[in-house]
>>> print(open('coords-v6.cif').read())   # mmCIF, C-alpha atoms and all ligand atoms
data_target
#
loop_
_atom_site.label_atom_id
_atom_site.label_comp_id
_atom_site.auth_asym_id
_atom_site.auth_seq_id
_atom_site.Cartn_x
_atom_site.Cartn_y
_atom_site.Cartn_z
CA MET A 31 -43.33 28.51 3.20
CA ASN A 32 -40.90 27.81 6.01
CA HIS A 33 -38.57 25.19 4.64
CA GLN A 34 -37.26 22.52 7.00
CA ILE A 35 -33.90 22.55 5.23
CA PHE A 36 -32.81 25.62 7.23
CA ALA A 37 -33.94 24.21 10.59
CA PRO A 38 -31.44 22.53 12.93
CA TYR A 39 -31.23 18.75 12.89
CA LYS A 40 -30.35 16.57 15.85
CA LEU A 41 -28.24 13.84 14.30
CA ASN A 42 -27.96 12.04 17.64
CA GLU A 43 -27.09 12.72 21.29
CA GLN A 44 -23.60 13.83 20.34
CA LEU A 45 -24.18 15.97 17.28
CA GLU A 46 -26.60 18.73 16.39
CA LEU A 47 -26.37 20.34 12.96
CA LYS A 48 -27.40 23.97 12.48
CA ASN A 49 -29.21 23.18 9.21
CA ARG A 50 -29.84 20.22 6.91
CA ILE A 51 -27.46 21.19 4.13
CA VAL A 52 -24.31 19.08 3.93
CA MET A 53 -21.24 19.86 1.87
CA ALA A 54 -20.68 16.78 -0.33
CA PRO A 55 -17.17 15.33 -0.44
CA LEU A 56 -15.29 16.93 -3.34
CA THR A 57 -11.84 15.83 -4.44
CA ARG A 58 -9.86 18.93 -5.37
CA CYS A 59 -6.32 17.60 -6.02
CA PHE A 60 -4.50 20.42 -4.25
CA ALA A 61 -2.60 18.51 -1.58
CA THR A 62 1.08 19.32 -1.28
CA GLU A 63 4.17 17.15 -0.88
CA GLY A 64 3.55 14.19 1.42
CA PHE A 65 -0.18 14.37 0.56
CA VAL A 66 -0.76 17.04 3.20
CA PRO A 67 -3.75 19.37 2.71
CA ASN A 68 -2.73 22.65 1.15
CA GLU A 69 -2.81 25.82 3.31
CA LEU A 70 -5.44 27.21 0.92
CA ALA A 71 -7.76 24.41 1.99
CA ILE A 72 -8.03 26.01 5.45
CA ASP A 73 -9.93 29.00 4.11
CA TYR A 74 -11.71 26.92 1.47
CA TYR A 75 -13.38 24.79 4.14
CA ALA A 76 -13.74 27.60 6.70
CA LYS A 77 -15.67 29.71 4.18
CA ARG A 78 -18.22 26.91 3.81
CA SER A 79 -18.81 26.40 7.54
CA SER A 80 -22.37 27.73 7.36
CA VAL A 81 -23.55 24.33 6.12
CA GLY A 82 -24.82 21.95 8.80
CA LEU A 83 -22.00 19.49 8.09
CA ILE A 84 -18.90 19.53 5.89
CA ILE A 85 -17.71 16.19 4.53
CA THR A 86 -14.12 16.56 3.40
CA GLU A 87 -12.74 15.52 0.04
CA ALA A 88 -11.96 11.80 -0.05
CA THR A 89 -8.80 11.25 2.01
CA VAL A 90 -6.53 8.27 1.50
CA VAL A 91 -5.92 5.83 4.38
CA HIS A 92 -2.97 3.85 2.96
CA GLU A 93 -0.16 4.49 0.51
CA THR A 94 -1.66 1.94 -1.93
CA GLY A 95 -4.94 3.87 -1.94
CA HIS A 96 -4.08 6.84 -4.19
CA GLY A 97 -5.55 7.07 -7.69
CA TYR A 98 -5.53 10.78 -8.52
CA PRO A 99 -2.84 13.46 -8.31
CA ASN A 100 -2.35 15.44 -5.11
CA THR A 101 -5.10 13.88 -3.02
CA PRO A 102 -4.59 14.25 0.73
CA GLY A 103 -3.95 11.38 3.13
CA ILE A 104 -4.61 10.64 6.78
CA TYR A 105 -1.89 8.05 7.44
CA THR A 106 1.09 10.22 8.50
CA GLY A 107 1.67 12.62 11.39
CA GLU A 108 2.30 15.46 8.98
CA GLN A 109 -1.09 14.87 7.35
CA VAL A 110 -2.80 14.90 10.76
CA GLU A 111 -1.13 18.25 11.51
CA GLY A 112 -2.37 19.60 8.17
CA TRP A 113 -5.96 18.54 8.89
CA LYS A 114 -5.78 20.01 12.42
CA LYS A 115 -5.44 23.50 10.96
CA ILE A 116 -8.62 22.93 8.94
CA THR A 117 -10.74 21.52 11.77
CA SER A 118 -9.76 24.32 14.14
CA LYS A 119 -10.72 27.02 11.61
CA VAL A 120 -14.03 25.28 10.84
CA HIS A 121 -14.78 24.99 14.56
CA GLU A 122 -13.90 28.68 15.10
CA ASN A 123 -16.64 29.38 12.55
CA ASP A 124 -19.07 27.16 14.42
CA GLY A 125 -18.98 24.48 11.71
CA LYS A 126 -18.93 20.69 11.87
CA ILE A 127 -16.65 18.49 9.77
CA PHE A 128 -16.35 14.76 9.01
CA LEU A 129 -13.38 13.29 7.13
CA GLN A 130 -14.12 10.90 4.25
CA LEU A 131 -11.94 7.76 4.54
CA TRP A 132 -10.86 6.46 1.12
CA HIS A 133 -8.98 3.77 -0.76
CA VAL A 134 -9.42 3.67 -4.54
CA GLY A 135 -8.50 0.00 -5.05
CA ARG A 136 -8.30 -0.74 -8.78
CA VAL A 137 -9.19 2.83 -9.80
CA SER A 138 -5.53 3.73 -10.00
CA HIS A 139 -2.42 3.49 -12.14
CA PRO A 140 1.27 2.79 -11.39
CA ILE A 141 2.00 6.52 -11.91
CA TYR A 142 0.28 7.14 -8.56
CA LEU A 143 1.81 4.11 -6.83
CA ASP A 144 5.57 4.43 -7.31
CA GLY A 145 5.37 2.13 -10.33
CA LYS A 146 3.47 -0.65 -8.55
CA SER A 147 0.20 -2.18 -9.77
CA PRO A 148 -3.06 -1.09 -8.18
CA VAL A 149 -4.53 -3.57 -5.69
CA ALA A 150 -8.10 -4.86 -5.64
CA PRO A 151 -10.25 -7.72 -4.29
CA SER A 152 -9.68 -9.62 -7.55
CA ALA A 153 -7.37 -9.07 -10.53
CA ILE A 154 -10.15 -7.59 -12.66
CA PRO A 155 -9.07 -4.33 -14.25
CA LEU A 156 -11.15 -1.29 -14.92
CA SER A 157 -11.18 -0.27 -18.57
CA GLY A 158 -10.87 3.23 -19.91
CA ARG A 159 -8.64 6.25 -19.77
CA VAL A 160 -7.14 7.49 -16.52
CA PRO A 161 -8.67 10.95 -15.86
CA ARG A 162 -6.33 13.96 -15.99
CA THR A 163 -3.91 12.11 -18.30
CA ASP A 164 -3.70 12.32 -22.10
CA ASP A 165 -3.70 8.70 -23.10
CA LEU A 166 -2.92 6.47 -20.11
CA GLN A 167 -5.29 3.53 -19.80
CA TYR A 168 -6.24 1.67 -16.65
CA GLY A 169 -4.33 -1.62 -16.69
CA GLU A 170 -3.20 -4.59 -14.70
CA VAL A 171 -4.38 -4.98 -11.10
CA ARG A 172 -3.07 -7.27 -8.38
CA GLU A 173 -5.35 -9.34 -6.17
CA LEU A 174 -4.82 -8.58 -2.47
CA GLU A 175 -3.50 -11.39 -0.29
CA THR A 176 -5.76 -12.22 2.65
CA ASN A 177 -3.30 -10.74 5.16
CA GLU A 178 -3.18 -7.53 3.13
CA VAL A 179 -6.97 -7.25 3.35
CA TYR A 180 -6.65 -7.35 7.14
CA ASP A 181 -3.93 -4.68 6.88
CA LEU A 182 -6.27 -2.45 4.93
CA ILE A 183 -9.00 -2.86 7.54
CA ASP A 184 -6.37 -1.70 10.06
CA ALA A 185 -5.57 1.23 7.75
CA PHE A 186 -9.21 2.40 7.76
CA VAL A 187 -9.29 2.15 11.57
CA LYS A 188 -6.01 4.06 11.83
CA GLY A 189 -7.45 6.65 9.42
CA ALA A 190 -10.40 7.11 11.76
CA ARG A 191 -8.10 7.35 14.79
CA ASN A 192 -5.97 9.96 13.02
CA SER A 193 -9.07 11.89 11.96
CA PHE A 194 -10.21 12.23 15.57
CA ALA A 195 -6.66 13.17 16.57
CA ALA A 196 -6.91 15.92 13.94
CA GLY A 197 -10.08 17.23 15.60
CA MET A 198 -12.68 15.86 13.18
CA ASP A 199 -16.25 15.63 14.48
CA GLY A 200 -16.62 12.29 12.73
CA VAL A 201 -15.66 10.14 9.77
CA GLU A 202 -17.47 8.98 6.66
CA ILE A 203 -16.49 5.56 5.32
CA HIS A 204 -16.31 5.88 1.53
CA ALA A 205 -17.96 2.68 0.34
CA ALA A 206 -19.39 4.26 -2.82
CA ASN A 207 -18.53 5.16 -6.41
CA GLY A 208 -16.75 1.96 -7.41
CA TYR A 209 -13.75 2.39 -5.10
CA LEU A 210 -12.15 -0.33 -2.97
CA ILE A 211 -14.98 -1.07 -0.54
CA ASP A 212 -17.56 -1.03 -3.35
CA GLN A 213 -15.29 -3.43 -5.30
CA PHE A 214 -15.52 -5.88 -2.39
CA LEU A 215 -19.34 -5.61 -2.39
CA ARG A 216 -19.99 -6.55 -6.02
CA GLN A 217 -19.83 -9.98 -7.56
CA GLN A 218 -18.20 -8.76 -10.77
CA THR A 219 -15.19 -7.24 -9.00
CA ASN A 220 -15.01 -9.66 -6.06
CA GLN A 221 -14.31 -13.23 -7.12
CA ARG A 222 -12.21 -14.10 -4.09
CA LYS A 223 -12.09 -17.59 -2.68
CA ASP A 224 -11.15 -16.62 0.91
CA GLU A 225 -13.40 -15.29 3.70
CA PHE A 226 -13.71 -11.89 1.94
CA GLY A 227 -15.58 -13.31 -1.06
CA GLY A 228 -17.39 -16.33 -2.36
CA SER A 229 -20.78 -15.54 -0.82
CA LEU A 230 -22.87 -12.52 0.08
CA GLU A 231 -21.59 -12.77 3.62
CA GLY A 232 -18.02 -12.89 2.33
CA ARG A 233 -18.49 -9.84 0.10
CA LEU A 234 -19.93 -7.85 3.02
CA LYS A 235 -17.17 -8.84 5.42
CA PHE A 236 -14.63 -6.15 4.44
CA VAL A 237 -16.99 -3.22 4.96
CA LEU A 238 -18.63 -4.68 8.06
CA GLU A 239 -15.27 -5.35 9.72
CA ILE A 240 -14.31 -1.72 9.07
CA VAL A 241 -17.62 -0.46 10.46
CA LYS A 242 -17.41 -2.75 13.47
CA ARG A 243 -13.83 -1.87 14.36
CA ILE A 244 -14.34 1.89 13.98
CA THR A 245 -17.65 1.97 15.87
CA ASP A 246 -16.23 -0.26 18.63
CA GLU A 247 -13.55 2.32 19.19
CA PHE A 248 -15.44 5.59 18.68
CA GLY A 249 -19.16 4.71 18.87
CA GLY A 250 -21.51 4.78 15.89
CA GLN A 251 -22.72 8.34 16.39
CA LYS A 252 -19.60 9.85 14.83
CA VAL A 253 -19.48 7.45 11.89
CA GLY A 254 -21.31 7.78 8.60
CA ILE A 255 -21.08 5.71 5.43
CA ARG A 256 -21.50 6.50 1.74
CA LEU A 257 -23.00 3.87 -0.55
CA SER A 258 -23.86 3.63 -4.24
CA PRO A 259 -26.65 1.06 -4.51
CA GLY A 260 -27.05 2.28 -8.09
CA ALA A 261 -23.87 1.32 -9.96
CA TYR A 262 -22.94 4.23 -12.21
CA PHE A 263 -19.22 5.02 -11.93
CA ASN A 264 -16.07 2.85 -12.06
CA ILE A 265 -18.24 -0.25 -11.62
CA GLU A 266 -21.03 -2.17 -13.31
CA HIS A 267 -24.27 -3.47 -11.95
CA THR A 268 -24.34 -7.23 -11.43
CA ASP A 269 -27.18 -9.53 -10.49
CA GLY A 270 -27.65 -9.63 -6.78
CA ASP A 271 -26.80 -5.96 -6.14
CA GLU A 272 -30.28 -5.31 -4.75
CA GLU A 273 -29.92 -8.18 -2.29
CA THR A 274 -26.38 -7.11 -1.40
CA PHE A 275 -27.43 -3.58 -0.50
CA LYS A 276 -30.63 -4.61 1.28
CA THR A 277 -28.68 -7.03 3.44
CA LEU A 278 -25.90 -4.51 4.06
CA LEU A 279 -28.36 -1.79 5.11
CA LYS A 280 -30.06 -4.17 7.50
CA GLU A 281 -26.70 -5.09 9.04
CA LEU A 282 -25.71 -1.42 9.32
CA GLU A 283 -28.77 -0.70 11.44
CA GLY A 284 -27.06 -2.57 14.24
CA TYR A 285 -24.24 -0.01 14.58
CA ASN A 286 -26.16 3.16 15.51
CA LEU A 287 -24.44 5.05 12.70
CA ALA A 288 -24.72 8.82 12.24
CA TYR A 289 -26.10 8.37 8.72
CA VAL A 290 -26.09 6.64 5.35
CA HIS A 291 -25.27 8.91 2.39
CA THR A 292 -26.16 8.42 -1.29
CA GLY A 293 -23.19 8.30 -3.64
CA ILE A 294 -24.34 9.35 -7.10
CA PHE A 295 -23.96 12.28 -9.50
CA ASP A 296 -27.63 12.54 -10.47
CA ASP A 297 -30.21 11.23 -8.04
CA SER A 298 -33.03 11.59 -10.57
CA MET A 299 -31.58 8.43 -12.22
CA SER A 300 -33.87 5.51 -11.66
CA PHE A 301 -32.63 1.90 -11.47
CA ASP A 302 -34.96 -1.01 -12.26
CA TYR A 303 -33.28 -3.27 -9.75
CA LEU A 304 -33.67 -0.67 -6.98
CA GLY A 305 -37.27 0.05 -7.84
CA GLY A 306 -36.53 3.78 -8.12
CA ASN A 307 -33.71 6.21 -7.40
CA SER A 308 -30.80 5.58 -5.04
CA THR A 309 -31.93 7.77 -2.15
CA SER A 310 -35.43 6.31 -2.05
CA PHE A 311 -33.87 2.83 -1.94
CA LEU A 312 -31.70 3.83 1.04
CA ARG A 313 -34.70 5.48 2.69
CA LYS A 314 -36.79 2.37 2.28
CA HIS A 315 -34.22 -0.06 3.64
CA PHE A 316 -32.47 1.96 6.36
CA LYS A 317 -34.20 3.34 9.45
CA GLY A 318 -31.59 5.91 10.49
CA THR A 319 -30.61 9.28 9.04
CA VAL A 320 -30.30 9.41 5.24
CA ILE A 321 -28.39 12.07 3.28
CA ALA A 322 -29.61 12.56 -0.29
CA CYS A 323 -27.13 13.74 -2.92
CA GLY A 324 -26.84 14.13 -6.67
CA SER A 325 -27.70 17.17 -8.80
CA TYR A 326 -30.15 18.69 -6.30
CA SER A 327 -31.20 22.25 -7.15
CA PRO A 328 -32.09 24.64 -4.32
CA GLN A 329 -35.73 23.82 -5.05
CA SER A 330 -35.44 20.03 -5.23
CA ALA A 331 -33.19 20.05 -2.14
CA LYS A 332 -35.90 21.83 -0.15
CA GLU A 333 -38.51 19.43 -1.52
CA VAL A 334 -36.66 16.23 -0.67
CA ILE A 335 -36.43 17.39 2.95
CA ASP A 336 -39.98 18.78 3.17
CA THR A 337 -41.43 15.55 1.76
CA ASP A 338 -39.29 13.41 4.08
CA GLY A 339 -37.48 11.76 1.17
CA ALA A 340 -34.29 12.30 3.19
CA ASP A 341 -33.24 13.95 6.46
CA LEU A 342 -30.31 15.89 5.03
CA VAL A 343 -29.17 16.80 1.54
CA ALA A 344 -25.58 17.03 0.33
CA ILE A 345 -24.65 19.68 -2.21
CA GLY A 346 -21.46 19.38 -4.22
CA ARG A 347 -20.76 21.48 -7.32
CA PRO A 348 -23.02 24.41 -6.34
CA LEU A 349 -20.97 24.75 -3.14
CA ILE A 350 -17.75 24.95 -5.16
CA ALA A 351 -19.28 27.84 -7.08
CA ASN A 352 -21.02 29.44 -4.07
CA PRO A 353 -19.26 29.19 -0.70
CA ASN A 354 -22.21 31.10 0.79
CA TYR A 355 -24.78 28.67 -0.68
CA VAL A 356 -26.78 28.51 2.57
CA GLU A 357 -27.21 32.28 2.85
CA LEU A 358 -28.03 32.66 -0.87
CA THR A 359 -30.64 29.91 -0.97
CA LYS A 360 -32.22 31.09 2.27
CA GLU A 361 -32.84 34.45 0.67
CA ASN A 362 -33.86 32.89 -2.66
CA LYS A 363 -30.98 34.68 -4.36
CA GLU A 364 -29.50 33.54 -7.63
CA LEU A 365 -26.53 31.17 -7.52
CA ILE A 366 -23.39 31.42 -9.62
CA ALA A 367 -23.45 28.48 -12.05
CA TYR A 368 -20.75 25.84 -11.55
CA SER A 369 -18.25 25.30 -14.33
CA GLU A 370 -15.33 22.88 -14.60
CA GLU A 371 -12.82 25.74 -14.87
CA MET A 372 -13.56 26.41 -11.21
CA LEU A 373 -11.67 23.22 -10.37
CA GLY A 374 -8.47 25.01 -11.41
CA SER A 375 -8.26 27.00 -8.17
CA LEU A 376 -9.12 26.38 -4.54
CA GLU A 377 -11.20 29.35 -3.43
C1 LIG A 401 -14.99 17.67 -8.65
C2 LIG A 401 -15.72 16.58 -7.93
C3 LIG A 401 -15.05 15.84 -6.97
C4 LIG A 401 -15.71 14.82 -6.27
N1 LIG A 401 -15.05 14.15 -5.28
C5 LIG A 401 -15.70 13.23 -4.53
C6 LIG A 401 -15.07 12.62 -3.42
O1 LIG A 401 -13.92 12.92 -3.07
N2 LIG A 401 -15.77 11.69 -2.73
C7 LIG A 401 -17.05 11.34 -3.05
O2 LIG A 401 -17.65 10.49 -2.40
N3 LIG A 401 -17.68 11.95 -4.08
C8 LIG A 401 -17.05 12.89 -4.81
N4 LIG A 401 -17.72 13.54 -5.80
C9 LIG A 401 -19.17 13.34 -5.96
C10 LIG A 401 -19.92 14.40 -5.15
O3 LIG A 401 -19.76 14.17 -3.76
C11 LIG A 401 -21.43 14.39 -5.47
O4 LIG A 401 -21.94 13.10 -5.27
C12 LIG A 401 -21.72 14.82 -6.90
O5 LIG A 401 -20.96 15.95 -7.28
C13 LIG A 401 -23.22 15.11 -7.08
O6 LIG A 401 -23.63 16.20 -6.28
P1 LIG A 401 -23.84 17.69 -6.91
O7 LIG A 401 -24.70 17.53 -8.11
O8 LIG A 401 -24.48 18.48 -5.82
O9 LIG A 401 -22.48 18.19 -7.31
C14 LIG A 401 -17.07 14.54 -6.55
C15 LIG A 401 -17.71 15.29 -7.53
C16 LIG A 401 -17.07 16.29 -8.21
C17 LIG A 401 -17.83 17.11 -9.23
#
>>> encode(input="coords-v6.cif", output="structure tokens", more="lines below")
Ligand SMILES: Cc1cc2nc3c(=O)[nH]c(=O)nc-3n(C[C@H](O)[C@H](O)[C@H](O)COP(=O)(O)O)c2cc1C
Amino acid sequence: MNHQIFAPYKLNEQLELKNRIVMAPLTRCFATEGFVPNELAIDYYAKRSSVGLIITEATVVHETGHGYPNTPGIYTGEQVEGWKKITSKVHENDGKIFLQLWHVGRVSHPIYLDGKSPVAPSAIPLSGRVPRTDDLQYGEVRELETNEVYDLIDAFVKGARNSFAAGMDGVEIHAANGYLIDQFLRQQTNQRKDEFGGSLEGRLKFVLEIVKRITDEFGGQKVGIRLSPGAYFNIEHTDGDEETFKTLLKELEGYNLAYVHTGIFDDSMSFDYLGGNSTSFLRKHFKGTVIACGSYSPQSAKEVIDTDGADLVAIGRPLIANPNYVELTKENKELIAYSEEMLGSLE
């Protein structure tokens, strides 16, 4: 059978992808001093340019947005220069690349913030151990002042501006996985009394302002967004999530976005309140391009495209293990299995 996954896909008038396989955003923690991408990242991304679209590792838009060691930023000139080297190599290889714009919000610790408390919509801490540390626990968080929320909207817009200055083909707004934007969306983590909380409209305001400002400046065709309608990581489900995401998806249809992308580790997980898995929920409530993601095997990735469950499919861990994933799966060759030790080097 001729699988659609290897056929080109016209994302819109401005972008055509050579196939329907997307590299999922993958934090690798190899940035150097000043949160500049490491030189090794040039080859790491270039080697994976045979996918239809690369989405970079989550990249921080503001100094208060770091929550893991050595994650790159897109808020200084030096960082822009670092990313330029990556985009030019990817383009030399005929690849396409979007930068994922990120702020972790409460998913951080003073060790990553020069001793300061993490910031969030409300002072509601995350519980649990900070990854990659022995025994540090997530702790106190500070509620953002209203003017600081506006500053962070500016930071996302500046991040987009810097991404295009670095030669990116587009940006993906990281509104998934329990990070800052997701924290604004949910009732449990957003108990603000100002215009950024208090009602569904208030909770949607932060993300919609970011979307509006970035699409006003660059058009929607170069802007994607990642969402986690199924709460599974760094955040809990609260009543009203279904309504929140339905309303958000409807609003997003007005911006002519490049795509909406599922943020989840395993898309076979079904959620009662979504009436199924995350991607089918996005498919049902959003008319534009949908990227599926989450533990897709070569077989299930082909199937989700062939059955029109999604337009594109993002592959994460298998692409860490197999830079030539597209070529291997096209020829039905065996893949090298992913293992966590592979995170120890950037190859
Ligand atoms: C090491 C690692 C780093 C990740 N970093 C990010 C990230 O920076 N941004 C993001 O949205 N998701 C991130 N994810 C989630 C992946 O994008 C993807 O949703 C997940 O790995 C499921 O896809 P897979 O089964 O094909 O790996 C990460 C996952 C892993 C394993």
>>> residues_around(input="coords-v6.cif", residues="segment 291-296 of chain A", least_positions_apart="5", cutoff="6 Å", atoms="all atoms listed in the file", output="VMD selection string")
chain A and resid 206 256 to 258 309 320 to 325
>>> axis_aligned_box(input="coords-v6.cif", around="ligand LIG 401 (chain A)", padding_each_side="5 Å", output="AutoDock Vina command-line options")
--center_x -19.3 --center_y 14.5 --center_z -5.8 --size_x 20.8 --size_y 18.0 --size_z 16.8
>>> atom_distance(input="coords-v6.cif", atom1="atom CA of Trp132 of chain A", atom2="atom CA of Val90 of chain A")
4.7 Å
>>> closest_atom_pairs(input="coords-v6.cif", of="chain A", to="ligand LIG 401 (chain A)", cutoff="10 Å", atoms="all atoms listed in the file", output="Markdown table")
| residue | atom | partner | partner_atom | distance |
| --- | --- | --- | --- | --- |
| A:Val52 | CA | A:LIG401 | O8 | 9.8 |
| A:Met53 | CA | A:LIG401 | O3 | 8.1 |
| A:Ala54 | CA | A:LIG401 | O3 | 4.4 |
| A:Pro55 | CA | A:LIG401 | O3 | 4.4 |
| A:Leu56 | CA | A:LIG401 | N1 | 3.4 |
| A:Thr57 | CA | A:LIG401 | N1 | 3.7 |
| A:Arg58 | CA | A:LIG401 | C1 | 6.2 |
| A:Cys59 | CA | A:LIG401 | C3 | 9.0 |
| A:Ile85 | CA | A:LIG401 | N2 | 8.8 |
| A:Thr86 | CA | A:LIG401 | O1 | 7.4 |
| A:Glu87 | CA | A:LIG401 | O1 | 4.2 |
| A:Ala88 | CA | A:LIG401 | O1 | 3.8 |
| A:Thr89 | CA | A:LIG401 | O1 | 7.4 |
| A:Val90 | CA | A:LIG401 | O1 | 9.9 |
| A:Thr101 | CA | A:LIG401 | O1 | 8.9 |
| A:Gln130 | CA | A:LIG401 | N2 | 7.2 |
| A:Leu131 | CA | A:LIG401 | N2 | 9.1 |
| A:Trp132 | CA | A:LIG401 | N2 | 8.1 |
| A:Glu202 | CA | A:LIG401 | O2 | 9.2 |
| A:Ile203 | CA | A:LIG401 | O2 | 9.2 |
| A:His204 | CA | A:LIG401 | O2 | 6.2 |
| A:Ala205 | CA | A:LIG401 | O2 | 8.3 |
| A:Ala206 | CA | A:LIG401 | O2 | 6.5 |
| A:Asn207 | CA | A:LIG401 | O2 | 6.7 |
| A:Gly208 | CA | A:LIG401 | O2 | 9.9 |
| A:Tyr209 | CA | A:LIG401 | O2 | 9.4 |
| A:Ile255 | CA | A:LIG401 | O2 | 9.8 |
| A:Arg256 | CA | A:LIG401 | O2 | 6.9 |
| A:Leu257 | CA | A:LIG401 | O2 | 8.7 |
| A:Ser258 | CA | A:LIG401 | O2 | 9.4 |
| A:His291 | CA | A:LIG401 | O2 | 9.1 |
| A:Thr292 | CA | A:LIG401 | O4 | 7.5 |
| A:Gly293 | CA | A:LIG401 | O4 | 5.2 |
| A:Ile294 | CA | A:LIG401 | O4 | 4.8 |
| A:Phe295 | CA | A:LIG401 | C13 | 3.8 |
| A:Asp296 | CA | A:LIG401 | C13 | 6.1 |
| A:Asp297 | CA | A:LIG401 | C13 | 8.1 |
| A:Ala322 | CA | A:LIG401 | O4 | 9.2 |
| A:Cys323 | CA | A:LIG401 | O6 | 5.4 |
| A:Gly324 | CA | A:LIG401 | C13 | 3.8 |
| A:Ser325 | CA | A:LIG401 | O7 | 3.1 |
| A:Tyr326 | CA | A:LIG401 | O8 | 5.7 |
| A:Ser327 | CA | A:LIG401 | O8 | 7.8 |
| A:Pro328 | CA | A:LIG401 | O8 | 9.9 |
| A:Ala331 | CA | A:LIG401 | O8 | 9.6 |
| A:Val343 | CA | A:LIG401 | O8 | 8.9 |
| A:Ala344 | CA | A:LIG401 | O8 | 6.4 |
| A:Ile345 | CA | A:LIG401 | O8 | 3.8 |
| A:Gly346 | CA | A:LIG401 | O9 | 3.5 |
| A:Arg347 | CA | A:LIG401 | O9 | 3.7 |
| A:Pro348 | CA | A:LIG401 | O8 | 6.1 |
| A:Leu349 | CA | A:LIG401 | O8 | 7.7 |
| A:Ile350 | CA | A:LIG401 | O9 | 8.5 |
| A:Tyr368 | CA | A:LIG401 | O9 | 8.9 |
| A:Ser369 | CA | A:LIG401 | C17 | 9.7 |
| A:Glu370 | CA | A:LIG401 | C1 | 7.9 |
| A:Met372 | CA | A:LIG401 | C1 | 9.2 |
| A:Leu373 | CA | A:LIG401 | C1 | 6.7 |
>>> residues_around(input="coords-v6.cif", residues="segment 152-161 of chain A", least_positions_apart="3", cutoff="12 Å", atoms="only C-alpha atoms", output="ChimeraX atom specification")
/A:97-99,134-142,147-149,164-176,179,208-210,213-224,226-228,233,263-266
>>> write_last_selection(input="coords-v6.cif", atoms="C-alpha atoms", output="short mmCIF file (atom, residue, chain, number, x, y, z; two decimals), keeping the file's coordinate frame")
data_model
loop_
_atom_site.label_atom_id
_atom_site.label_comp_id
_atom_site.auth_asym_id
_atom_site.auth_seq_id
_atom_site.Cartn_x
_atom_site.Cartn_y
_atom_site.Cartn_z
CA GLY A 97 -5.55 7.07 -7.69
CA TYR A 98 -5.53 10.78 -8.52
CA PRO A 99 -2.84 13.46 -8.31
CA VAL A 134 -9.42 3.67 -4.54
CA GLY A 135 -8.50 0.00 -5.05
CA ARG A 136 -8.30 -0.74 -8.78
CA VAL A 137 -9.19 2.83 -9.80
CA SER A 138 -5.53 3.73 -10.00
CA HIS A 139 -2.42 3.49 -12.14
CA PRO A 140 1.27 2.79 -11.39
CA ILE A 141 2.00 6.52 -11.91
CA TYR A 142 0.28 7.14 -8.56
CA SER A 147 0.20 -2.18 -9.77
CA PRO A 148 -3.06 -1.09 -8.18
CA VAL A 149 -4.53 -3.57 -5.69
CA ASP A 164 -3.70 12.32 -22.10
CA ASP A 165 -3.70 8.70 -23.10
CA LEU A 166 -2.92 6.47 -20.11
CA GLN A 167 -5.29 3.53 -19.80
CA TYR A 168 -6.24 1.67 -16.65
CA GLY A 169 -4.33 -1.62 -16.69
CA GLU A 170 -3.20 -4.59 -14.70
CA VAL A 171 -4.38 -4.98 -11.10
CA ARG A 172 -3.07 -7.27 -8.38
CA GLU A 173 -5.35 -9.34 -6.17
CA LEU A 174 -4.82 -8.58 -2.47
CA GLU A 175 -3.50 -11.39 -0.29
CA THR A 176 -5.76 -12.22 2.65
CA VAL A 179 -6.97 -7.25 3.35
CA GLY A 208 -16.75 1.96 -7.41
CA TYR A 209 -13.75 2.39 -5.10
CA LEU A 210 -12.15 -0.33 -2.97
CA GLN A 213 -15.29 -3.43 -5.30
CA PHE A 214 -15.52 -5.88 -2.39
CA LEU A 215 -19.34 -5.61 -2.39
CA ARG A 216 -19.99 -6.55 -6.02
CA GLN A 217 -19.83 -9.98 -7.56
CA GLN A 218 -18.20 -8.76 -10.77
CA THR A 219 -15.19 -7.24 -9.00
CA ASN A 220 -15.01 -9.66 -6.06
CA GLN A 221 -14.31 -13.23 -7.12
CA ARG A 222 -12.21 -14.10 -4.09
CA LYS A 223 -12.09 -17.59 -2.68
CA ASP A 224 -11.15 -16.62 0.91
CA PHE A 226 -13.71 -11.89 1.94
CA GLY A 227 -15.58 -13.31 -1.06
CA GLY A 228 -17.39 -16.33 -2.36
CA ARG A 233 -18.49 -9.84 0.10
CA PHE A 263 -19.22 5.02 -11.93
CA ASN A 264 -16.07 2.85 -12.06
CA ILE A 265 -18.24 -0.25 -11.62
CA GLU A 266 -21.03 -2.17 -13.31
#
>>> closest_residue(input="coords-v6.cif", among="A:Thr163, A:Met198, A:Pro151, A:Arg50", to="Glu225 of chain A", atoms="all atoms listed in the file")
A:Pro151
>>> residues_around(input="coords-v6.cif", residues="Leu45 of chain A", least_positions_apart="4", cutoff="9 Å", atoms="all atoms listed in the file", output="number ranges by chain")
A: 39-41, 126, 199, 251-252, 288
>>> write_last_selection(input="coords-v6.cif", atoms="C-alpha atoms", output="PDB file, in the coordinates of the input")
ATOM      1  CA  TYR A  39     -31.230  18.750  12.890  1.00  0.00           C
ATOM      2  CA  LYS A  40     -30.350  16.570  15.850  1.00  0.00           C
ATOM      3  CA  LEU A  41     -28.240  13.840  14.300  1.00  0.00           C
ATOM      4  CA  LYS A 126     -18.930  20.690  11.870  1.00  0.00           C
ATOM      5  CA  ASP A 199     -16.250  15.630  14.480  1.00  0.00           C
ATOM      6  CA  GLN A 251     -22.720   8.340  16.390  1.00  0.00           C
ATOM      7  CA  LYS A 252     -19.600   9.850  14.830  1.00  0.00           C
ATOM      8  CA  ALA A 288     -24.720   8.820  12.240  1.00  0.00           C
TER       9      ALA A 288
END
>>> closest_residue(input="coords-v6.cif", among="A:Lys363, A:Lys276, A:Lys332, A:Lys77", to="Ile116 of chain A", atoms="all atoms listed in the file")
A:Lys77
